[in-house]
file coords_7.cif (mmCIF, C-alpha atoms)
data_protein
loop_
_atom_site.label_atom_id
_atom_site.label_comp_id
_atom_site.auth_asym_id
_atom_site.auth_seq_id
_atom_site.Cartn_x
_atom_site.Cartn_y
_atom_site.Cartn_z
CA MET A 1 -64.01 -41.63 13.80
CA GLU A 2 -63.70 -42.20 17.55
CA THR A 3 -64.43 -39.05 19.60
CA GLY A 4 -61.52 -40.09 21.81
CA HIS A 5 -59.27 -39.32 18.85
CA ILE A 6 -60.42 -35.70 18.60
CA THR A 7 -60.31 -34.33 22.15
CA PRO A 8 -56.53 -34.89 22.57
CA PHE A 9 -55.84 -32.71 19.54
CA ILE A 10 -58.08 -29.91 20.86
CA GLN A 11 -56.35 -30.00 24.25
CA SER A 12 -52.90 -30.22 22.70
CA VAL A 13 -53.32 -27.32 20.25
CA GLN A 14 -54.59 -25.13 23.08
CA ASN A 15 -51.65 -26.13 25.28
CA VAL A 16 -49.01 -25.65 22.56
CA PHE A 17 -50.33 -22.25 21.47
CA ALA A 18 -50.73 -21.04 25.06
CA THR A 19 -47.24 -22.20 26.11
CA MET A 20 -45.17 -21.30 23.04
CA LEU A 21 -47.15 -18.36 21.62
CA GLN A 22 -49.14 -17.07 24.62
CA LEU A 23 -52.15 -17.32 22.32
CA ASP A 24 -55.67 -18.52 23.16
CA VAL A 25 -57.28 -20.91 20.69
CA GLN A 26 -61.08 -20.91 20.40
CA VAL A 27 -62.20 -24.25 19.02
CA GLY A 28 -65.36 -24.62 16.92
CA GLU A 29 -67.51 -27.68 16.25
CA PRO A 30 -65.54 -30.58 14.69
CA ALA A 31 -67.08 -31.86 11.43
CA LEU A 32 -66.39 -34.51 8.82
CA LYS A 33 -64.14 -33.08 6.10
CA ARG A 34 -65.76 -32.67 2.73
CA ASP A 35 -63.99 -32.29 -0.61
CA GLY A 36 -63.02 -28.79 -1.69
CA GLY A 37 -61.70 -25.86 0.30
CA GLY A 38 -57.96 -25.66 -0.22
CA SER A 39 -55.19 -24.55 2.12
CA ASP A 40 -52.22 -22.20 1.63
CA VAL A 41 -49.89 -23.74 4.23
CA SER A 42 -50.20 -27.34 5.43
CA ALA A 43 -48.05 -29.02 8.07
CA ILE A 44 -48.47 -32.80 7.83
CA ILE A 45 -47.54 -35.56 10.25
CA GLY A 46 -48.12 -39.27 9.76
CA MET A 47 -48.99 -41.63 12.59
CA SER A 48 -48.21 -45.34 12.75
CA GLY A 49 -48.45 -48.14 15.29
CA ASP A 50 -51.71 -48.75 17.18
CA VAL A 51 -53.18 -45.73 15.36
CA VAL A 52 -52.57 -44.98 11.67
CA GLY A 53 -53.29 -42.02 9.44
CA SER A 54 -52.28 -38.39 9.22
CA VAL A 55 -52.87 -35.06 10.89
CA VAL A 56 -52.69 -31.73 9.07
CA LEU A 57 -52.51 -28.21 10.45
CA SER A 58 -53.99 -26.18 7.63
CA PHE A 59 -53.54 -22.38 7.48
CA PRO A 60 -54.33 -19.41 5.26
CA THR A 61 -51.00 -17.70 4.41
CA GLU A 62 -51.57 -14.67 6.63
CA THR A 63 -52.38 -16.74 9.73
CA ALA A 64 -49.38 -19.02 9.19
CA GLU A 65 -47.05 -16.05 8.78
CA ARG A 66 -48.33 -14.36 11.93
CA VAL A 67 -48.12 -17.61 13.94
CA ALA A 68 -44.58 -18.38 12.68
CA SER A 69 -43.49 -14.81 13.50
CA LEU A 70 -44.85 -15.09 17.02
CA PHE A 71 -43.22 -18.49 17.51
CA THR A 72 -39.76 -17.47 16.31
CA GLY A 73 -39.82 -13.89 17.60
CA GLU A 74 -38.89 -12.65 14.13
CA GLN A 75 -41.05 -11.13 11.39
CA MET A 76 -41.54 -14.00 8.96
CA THR A 77 -43.18 -14.56 5.58
CA CYS A 78 -43.77 -17.83 3.78
CA GLU A 79 -40.79 -16.96 1.56
CA ASP A 80 -38.37 -17.21 4.48
CA ALA A 81 -36.05 -20.22 4.64
CA ASP A 82 -37.07 -21.09 8.21
CA PHE A 83 -40.83 -20.58 7.78
CA ALA A 84 -41.61 -24.23 7.01
CA ASP A 85 -39.42 -25.38 9.90
CA ALA A 86 -41.36 -23.20 12.36
CA VAL A 87 -44.79 -24.33 11.16
CA GLY A 88 -43.65 -27.96 11.08
CA GLU A 89 -42.33 -27.80 14.63
CA LEU A 90 -45.67 -26.43 15.89
CA CYS A 91 -47.44 -29.34 14.20
CA ASN A 92 -44.91 -31.74 15.75
CA MET A 93 -45.69 -30.41 19.23
CA VAL A 94 -49.47 -30.56 18.67
CA CYS A 95 -49.30 -34.17 17.45
CA GLY A 96 -46.80 -35.22 20.11
CA GLY A 97 -49.00 -33.81 22.86
CA ALA A 98 -52.12 -35.45 21.44
CA LYS A 99 -50.38 -38.79 20.99
CA ALA A 100 -49.57 -38.93 24.69
CA GLU A 101 -53.28 -38.56 25.50
CA LEU A 102 -54.40 -41.38 23.22
CA ASP A 103 -54.56 -43.75 26.18
CA GLY A 104 -52.62 -46.97 26.22
CA LYS A 105 -51.66 -46.85 22.58
CA ARG A 106 -48.17 -47.27 21.18
CA ILE A 107 -47.88 -44.69 18.42
CA SER A 108 -45.00 -43.27 16.42
CA ILE A 109 -45.17 -39.96 14.62
CA SER A 110 -43.24 -38.96 11.51
CA CYS A 111 -41.09 -35.89 11.12
CA PRO A 112 -43.33 -33.08 9.80
CA SER A 113 -43.65 -32.16 6.12
CA VAL A 114 -44.83 -28.69 5.16
CA VAL A 115 -46.53 -27.74 1.90
CA VAL A 116 -46.67 -24.05 0.91
CA GLY A 117 -48.78 -23.05 -2.09
CA SER A 118 -51.94 -21.07 -2.63
CA ASN A 119 -55.18 -23.07 -2.35
CA HIS A 120 -53.61 -26.56 -2.50
CA GLN A 121 -55.24 -29.85 -1.52
CA VAL A 122 -53.66 -32.54 0.65
CA ALA A 123 -54.64 -35.99 -0.62
CA ARG A 124 -55.18 -38.56 2.10
CA GLN A 125 -56.22 -42.18 2.52
CA LYS A 126 -59.84 -42.42 1.37
CA ASP A 127 -60.70 -45.28 3.73
CA ILE A 128 -59.92 -43.23 6.84
CA PRO A 129 -62.51 -40.55 7.67
CA CYS A 130 -61.09 -37.11 8.33
CA VAL A 131 -62.49 -34.69 10.90
CA THR A 132 -61.77 -30.97 10.70
CA ILE A 133 -61.48 -28.93 13.88
CA PRO A 134 -61.87 -25.19 13.21
CA CYS A 135 -59.62 -23.00 15.37
CA GLU A 136 -59.66 -19.25 15.86
CA THR A 137 -56.90 -17.12 17.37
CA ASP A 138 -55.86 -13.46 17.43
CA CYS A 139 -53.50 -14.39 14.54
CA GLY A 140 -56.43 -15.64 12.42
CA VAL A 141 -58.21 -18.91 11.76
CA PHE A 142 -56.80 -22.34 10.92
CA MET A 143 -57.91 -25.98 10.85
CA ILE A 144 -56.69 -29.21 12.37
CA GLU A 145 -57.55 -32.12 10.09
CA VAL A 146 -57.44 -35.43 11.94
CA GLY A 147 -57.60 -38.50 9.68
CA ILE A 148 -56.59 -41.37 11.95
CA GLN A 149 -58.01 -44.71 13.06
CA SER A 150 -57.12 -47.47 15.49
CA VAL A 151 -55.56 -50.59 14.06
CA ALA A 152 -57.72 -53.65 14.76
CA VAL A 153 -55.91 -56.03 17.11
CA ASP A 154 -55.64 -59.58 15.83
CA SER A 155 -57.12 -61.60 18.74
CA THR A 156 -55.02 -64.69 17.85
CA SER A 157 -51.71 -62.86 17.89
CA ALA A 158 -52.76 -60.79 20.92
CA ALA A 159 -53.51 -63.98 22.86
CA ALA A 160 -50.22 -65.50 21.73
CA ALA A 161 -48.33 -62.41 22.87
CA MET B 1 -19.66 -24.53 29.90
CA LYS B 2 -20.01 -26.05 26.42
CA ILE B 3 -23.53 -27.03 25.41
CA LEU B 4 -24.54 -29.06 22.35
CA LEU B 5 -28.10 -28.64 21.02
CA VAL B 6 -29.32 -31.60 18.96
CA ASP B 7 -32.64 -30.98 17.21
CA ASP B 8 -33.75 -31.23 13.58
CA SER B 9 -35.81 -28.06 13.95
CA LYS B 10 -33.74 -24.92 13.48
CA THR B 11 -36.55 -22.96 15.15
CA MET B 12 -36.34 -25.12 18.26
CA ARG B 13 -32.54 -24.82 18.37
CA LYS B 14 -32.90 -21.05 18.11
CA ILE B 15 -35.42 -20.98 21.00
CA GLN B 16 -33.16 -23.15 23.17
CA ARG B 17 -30.11 -21.06 22.27
CA SER B 18 -32.00 -17.92 23.27
CA VAL B 19 -32.91 -19.39 26.69
CA LEU B 20 -29.32 -20.56 27.25
CA THR B 21 -27.90 -17.18 26.24
CA GLN B 22 -30.23 -15.47 28.74
CA LEU B 23 -28.84 -17.85 31.37
CA GLY B 24 -25.33 -16.65 30.51
CA HIS B 25 -24.16 -19.59 28.36
CA THR B 26 -22.27 -18.58 25.25
CA GLU B 27 -20.37 -21.69 24.13
CA ILE B 28 -23.17 -23.36 22.21
CA GLU B 29 -22.87 -25.73 19.25
CA GLU B 30 -25.75 -27.11 17.19
CA ALA B 31 -26.39 -30.42 15.43
CA CYS B 32 -29.37 -31.21 13.20
CA ASP B 33 -29.68 -34.94 14.04
CA GLY B 34 -27.96 -37.76 15.92
CA GLN B 35 -25.52 -38.43 13.10
CA ASP B 36 -24.46 -34.79 12.96
CA ALA B 37 -24.11 -34.78 16.75
CA MET B 38 -21.89 -37.88 16.69
CA SER B 39 -19.58 -36.10 14.25
CA LYS B 40 -19.36 -33.04 16.52
CA VAL B 41 -19.07 -34.39 20.09
CA GLY B 42 -15.40 -35.36 19.72
CA ALA B 43 -14.09 -31.98 18.63
CA PHE B 44 -16.54 -29.85 20.63
CA GLY B 45 -16.39 -31.84 23.88
CA PRO B 46 -19.72 -30.69 25.38
CA ASP B 47 -20.35 -30.40 29.13
CA LEU B 48 -24.12 -30.72 28.60
CA LEU B 49 -26.30 -32.00 25.74
CA LEU B 50 -29.92 -31.13 24.94
CA VAL B 51 -31.26 -33.83 22.62
CA ASP B 52 -34.53 -34.16 20.69
CA TRP B 53 -36.01 -37.65 20.18
CA ASN B 54 -37.65 -37.70 16.73
CA MET B 55 -35.08 -36.74 14.13
CA PRO B 56 -34.16 -38.03 10.65
CA ASN B 57 -30.99 -40.10 9.96
CA MET B 58 -30.33 -40.93 13.62
CA ASP B 59 -32.95 -40.37 16.31
CA GLY B 60 -32.17 -39.04 19.76
CA LEU B 61 -32.52 -42.34 21.60
CA THR B 62 -30.06 -44.08 19.25
CA PHE B 63 -27.67 -41.16 19.61
CA VAL B 64 -27.85 -41.30 23.44
CA LYS B 65 -27.10 -45.05 23.43
CA LYS B 66 -24.11 -44.59 21.10
CA TYR B 67 -22.81 -41.56 23.00
CA ARG B 68 -23.06 -43.42 26.32
CA GLU B 69 -20.84 -46.19 24.91
CA MET B 70 -17.99 -43.66 24.89
CA ASN B 71 -19.07 -41.15 27.53
CA LYS B 72 -20.87 -42.20 30.72
CA ASP B 73 -20.71 -38.90 32.58
CA THR B 74 -21.64 -35.84 30.53
CA PRO B 75 -25.25 -34.96 31.41
CA ILE B 76 -27.93 -35.27 28.75
CA ILE B 77 -31.38 -33.65 28.83
CA MET B 78 -33.95 -35.07 26.41
CA VAL B 79 -36.14 -32.24 25.02
CA THR B 80 -39.00 -33.87 23.14
CA THR B 81 -42.72 -34.21 22.47
CA GLU B 82 -42.50 -37.86 23.58
CA SER B 83 -44.17 -37.61 26.98
CA GLU B 84 -45.56 -41.10 27.59
CA ARG B 85 -44.23 -42.69 30.79
CA SER B 86 -42.89 -45.68 28.86
CA ARG B 87 -40.84 -43.37 26.62
CA VAL B 88 -39.42 -41.46 29.59
CA VAL B 89 -38.38 -44.75 31.21
CA GLU B 90 -36.82 -45.88 27.92
CA ALA B 91 -34.82 -42.66 27.68
CA ILE B 92 -33.61 -42.83 31.30
CA LYS B 93 -32.52 -46.45 30.77
CA ALA B 94 -30.56 -45.33 27.70
CA GLY B 95 -28.65 -42.83 29.82
CA VAL B 96 -30.64 -39.60 29.79
CA ASN B 97 -30.25 -37.57 33.02
CA ASN B 98 -33.31 -35.32 32.75
CA TYR B 99 -36.36 -34.78 30.58
CA VAL B 100 -38.21 -31.74 29.19
CA VAL B 101 -41.49 -32.19 27.35
CA LYS B 102 -42.30 -29.85 24.45
CA PRO B 103 -44.00 -27.42 24.59
CA PHE B 104 -41.98 -25.87 27.41
CA THR B 105 -41.63 -22.43 28.94
CA PRO B 106 -38.17 -20.85 29.28
CA ASP B 107 -38.54 -21.25 33.07
CA VAL B 108 -39.00 -25.02 32.83
CA LEU B 109 -36.01 -25.46 30.52
CA SER B 110 -33.90 -23.25 32.77
CA GLN B 111 -34.97 -25.15 35.90
CA ARG B 112 -34.17 -28.57 34.34
CA ILE B 113 -30.74 -27.37 33.23
CA ASP B 114 -29.99 -26.10 36.76
CA GLU B 115 -31.21 -29.38 38.33
CA THR B 116 -29.17 -31.46 35.92
CA LEU B 117 -25.95 -29.50 36.35
CA THR B 118 -26.33 -29.47 40.14
CA LYS B 119 -26.80 -33.25 40.23
CA ALA B 120 -23.91 -33.79 37.82
CA GLY B 121 -21.70 -31.52 39.94
CA ALA B 122 -22.67 -33.38 43.11
CA SER B 123 -21.89 -36.74 41.49
CA ALA B 124 -18.54 -35.50 40.22
CA GLY B 125 -17.69 -34.00 43.60
#

call {"tool": "encode", "arguments": {"input": "coords_7.cif", "output": "structure tokens"}}
result
Amino acid sequence: METGHITPFIQSVQNVFATMLQLDVQVGEPALKRDGGGSDVSAIIGMSGDVVGSVVLSFPTETAERVASLFTGEQMTCEDADFADAVGELCNMVCGGAKAELDGKRISISCPSVVVGSNHQVARQKDIPCVTIPCETDCGVFMIEVGIQSVAVDSTSAAAA
Amino acid sequence: MKILLVDDSKTMRKIQRSVLTQLGHTEIEEACDGQDAMSKVGAFGPDLLLVDWNMPNMDGLTFVKKYREMNKDTPIIMVTTESERSRVVEAIKAGVNNYVVKPFTPDVLSQRIDETLTKAGASAG
């Protein structure tokens, strides 16, 4: 995993939470994700283009509910119809902000998907290493899981282009 | 002033609606993607559109291009996470009048709306 792929996500999550939620995010030491350790709420975005893979914002239920409530200005639980939309939009902003800082790369991001369910696992491509970035806020802790890698440029086609 | 909000996120539409309401705008219609917006612009006849980029069915850029084929004048503000310079240029070429990058504060959105309407008014005058 390139370190240049991690810093943009740290900066972006801090910017998104500060701007939309007026919430500071303390970031811990990023580490390679190991198997085990499920999530209750996962917002997932795929990346394609010069960088491929996926990014997951992974929350315990209580943190996700508090964050979604703060974002929408309404008391919200994971049962609410608009809960997934709110969490997905936060993930969209975090990934969009990070994408812009991945210098010189042409990247597209998918619309977010949100999984809600106690202690679930998100399966991802095994050949792409995933780094977890622990985050702490006044609403509780959560993780950013960044499993992306640059696509090798074919020197023949690059020269032809 | 009739304003059409085009965004697949209901949360984002609600935030934008709240900012617009605080600015005194009450005639607000919502669309959940470009396709939905295309079906509403005729009957609603907006004076301003706020359009997201990444949406299912029809993305914002495609919508702007199609809308500009039939309406050259009504101002459009792109409200999106797409902040790379190349994307902004692409949107302006397609016919977008102004650009707001998510995340945004209510002040920024309000300022861009004022700028856009002032410019549009000056052009019309």

call {"tool": "interface_residues", "arguments": {"input": "coords_7.cif", "of": "chain A", "to": "chain B", "cutoff": "8 Å", "atoms": "all atoms listed in the file", "output": "NGL selection string"}}
result
:A and (15-16 or 19-20 or 72 or 82 or 85-86 or 89 or 92-93 or 96-97 or 100 or 110-111)

call {"tool": "axis_aligned_box", "arguments": {"input": "coords_7.cif", "around": "region 103-106 of chain A", "padding_each_side": "3 Å", "output": "AutoDock Vina command-line options"}}
result
--center_x -51.4 --center_y -45.5 --center_z 23.7 --size_x 12.4 --size_y 9.5 --size_z 11.0

call {"tool": "resolve_selection", "arguments": {"input": "coords_7.cif", "expression": "the PyMOL selection byres ((chain B and resi 17-26) around 12)", "output": "VMD selection string"}}
result
(chain A and resid 72 to 73) or (chain B and resid 1 to 7 10 to 16 27 to 30 47 to 50 104 to 114)

call {"tool": "resolve_selection", "arguments": {"input": "coords_7.cif", "expression": "the PyMOL selection byres ((chain A and resi 142) around 9)", "output": "JSON, numbers by chain"}}
result
{"A": [57, 58, 59, 60, 63, 64, 133, 134, 135, 136, 137, 140, 141, 143, 144]}

call {"tool": "residues_around", "arguments": {"input": "coords_7.cif", "residues": "region 63-71 of chain B", "least_positions_apart": "6", "cutoff": "9 Å", "atoms": "only C-alpha atoms", "output": "PDB file with C-alpha atoms, in the coordinates of the input"}}
result
ATOM      1  CA  ASP B  33     -29.680 -34.940  14.040  1.00  0.00           C
ATOM      2  CA  GLY B  34     -27.960 -37.760  15.920  1.00  0.00           C
ATOM      3  CA  GLN B  35     -25.520 -38.430  13.100  1.00  0.00           C
ATOM      4  CA  ALA B  37     -24.110 -34.780  16.750  1.00  0.00           C
ATOM      5  CA  MET B  38     -21.890 -37.880  16.690  1.00  0.00           C
ATOM      6  CA  VAL B  41     -19.070 -34.390  20.090  1.00  0.00           C
ATOM      7  CA  VAL B  51     -31.260 -33.830  22.620  1.00  0.00           C
ATOM      8  CA  ALA B  91     -34.820 -42.660  27.680  1.00  0.00           C
ATOM      9  CA  ALA B  94     -30.560 -45.330  27.700  1.00  0.00           C
ATOM     10  CA  GLY B  95     -28.650 -42.830  29.820  1.00  0.00           C
ATOM     11  CA  VAL B  96     -30.640 -39.600  29.790  1.00  0.00           C
TER      12      VAL B  96
END

call {"tool": "closest_residue", "arguments": {"input": "coords_7.cif", "among": "A:Ala43, A:Ser118, A:Val55, A:Asp103", "to": "Gly88 (chain A)", "atoms": "only C-alpha atoms"}}
result
A:Ala43

call {"tool": "atom_distance", "arguments": {"input": "coords_7.cif", "atom1": "CA of Thr132 (chain A)", "atom2": "CA of Glu145 (chain A)"}}
result
4.4 Å

call {"tool": "atom_distance", "arguments": {"input": "coords_7.cif", "atom1": "CA of Leu102 (chain A)", "atom2": "CA of Ser48 (chain A)"}}
result
12.8 Å

call {"tool": "residues_around", "arguments": {"input": "coords_7.cif", "residues": "region 146-151 of chain A", "least_positions_apart": "2", "cutoff": "7 Å", "atoms": "only C-alpha atoms", "output": "MDAnalysis selection string"}}
result
chainID A and resid 1 50:56 128:132 144 153

call {"tool": "write_last_selection", "arguments": {"input": "coords_7.cif", "atoms": "C-alpha atoms", "output": "short mmCIF file (atom, residue, chain, number, x, y, z; two decimals), keeping the file's coordinate frame"}}
result
data_model
loop_
_atom_site.label_atom_id
_atom_site.label_comp_id
_atom_site.auth_asym_id
_atom_site.auth_seq_id
_atom_site.Cartn_x
_atom_site.Cartn_y
_atom_site.Cartn_z
CA MET A 1 -64.01 -41.63 13.80
CA ASP A 50 -51.71 -48.75 17.18
CA VAL A 51 -53.18 -45.73 15.36
CA VAL A 52 -52.57 -44.98 11.67
CA GLY A 53 -53.29 -42.02 9.44
CA SER A 54 -52.28 -38.39 9.22
CA VAL A 55 -52.87 -35.06 10.89
CA VAL A 56 -52.69 -31.73 9.07
CA ILE A 128 -59.92 -43.23 6.84
CA PRO A 129 -62.51 -40.55 7.67
CA CYS A 130 -61.09 -37.11 8.33
CA VAL A 131 -62.49 -34.69 10.90
CA THR A 132 -61.77 -30.97 10.70
CA ILE A 144 -56.69 -29.21 12.37
CA VAL A 153 -55.91 -56.03 17.11
#

call {"tool": "resolve_selection", "arguments": {"input": "coords_7.cif", "expression": "the PyMOL selection byres ((chain A and resi 12) around 9)", "output": "list in words"}}
result
Thr7, Pro8, Phe9, Ile10, Gln11, Val13, Gln14, Asn15, Val16, Phe17, Met93, Val94, Cys95, Gly96, Gly97, Ala98 and Glu101 of chain A

call {"tool": "write_last_selection", "arguments": {"input": "coords_7.cif", "atoms": "C-alpha atoms", "output": "short mmCIF file (atom, residue, chain, number, x, y, z; two decimals), in the coordinates of the input"}}
result
data_model
loop_
_atom_site.label_atom_id
_atom_site.label_comp_id
_atom_site.auth_asym_id
_atom_site.auth_seq_id
_atom_site.Cartn_x
_atom_site.Cartn_y
_atom_site.Cartn_z
CA THR A 7 -60.31 -34.33 22.15
CA PRO A 8 -56.53 -34.89 22.57
CA PHE A 9 -55.84 -32.71 19.54
CA ILE A 10 -58.08 -29.91 20.86
CA GLN A 11 -56.35 -30.00 24.25
CA VAL A 13 -53.32 -27.32 20.25
CA GLN A 14 -54.59 -25.13 23.08
CA ASN A 15 -51.65 -26.13 25.28
CA VAL A 16 -49.01 -25.65 22.56
CA PHE A 17 -50.33 -22.25 21.47
CA MET A 93 -45.69 -30.41 19.23
CA VAL A 94 -49.47 -30.56 18.67
CA CYS A 95 -49.30 -34.17 17.45
CA GLY A 96 -46.80 -35.22 20.11
CA GLY A 97 -49.00 -33.81 22.86
CA ALA A 98 -52.12 -35.45 21.44
CA GLU A 101 -53.28 -38.56 25.50
#

call {"tool": "atom_distance", "arguments": {"input": "coords_7.cif", "atom1": "CA of Gln75 (chain A)", "atom2": "CA of Gln22 (chain A)"}}
result
16.6 Å

call {"tool": "residues_around", "arguments": {"input": "coords_7.cif", "residues": "Gln121 (chain A)", "least_positions_apart": "3", "cutoff": "8 Å", "atoms": "all atoms listed in the file", "output": "mmCIF file with C-alpha atoms, in the frame of the given file"}}
result
data_model
loop_
_atom_site.group_PDB
_atom_site.id
_atom_site.type_symbol
_atom_site.label_atom_id
_atom_site.label_comp_id
_atom_site.auth_asym_id
_atom_site.auth_seq_id
_atom_site.Cartn_x
_atom_site.Cartn_y
_atom_site.Cartn_z
ATOM 1 C CA GLY A 36 -63.020 -28.790 -1.690
ATOM 2 C CA GLY A 37 -61.700 -25.860 0.300
ATOM 3 C CA GLY A 38 -57.960 -25.660 -0.220
ATOM 4 C CA SER A 39 -55.190 -24.550 2.120
#
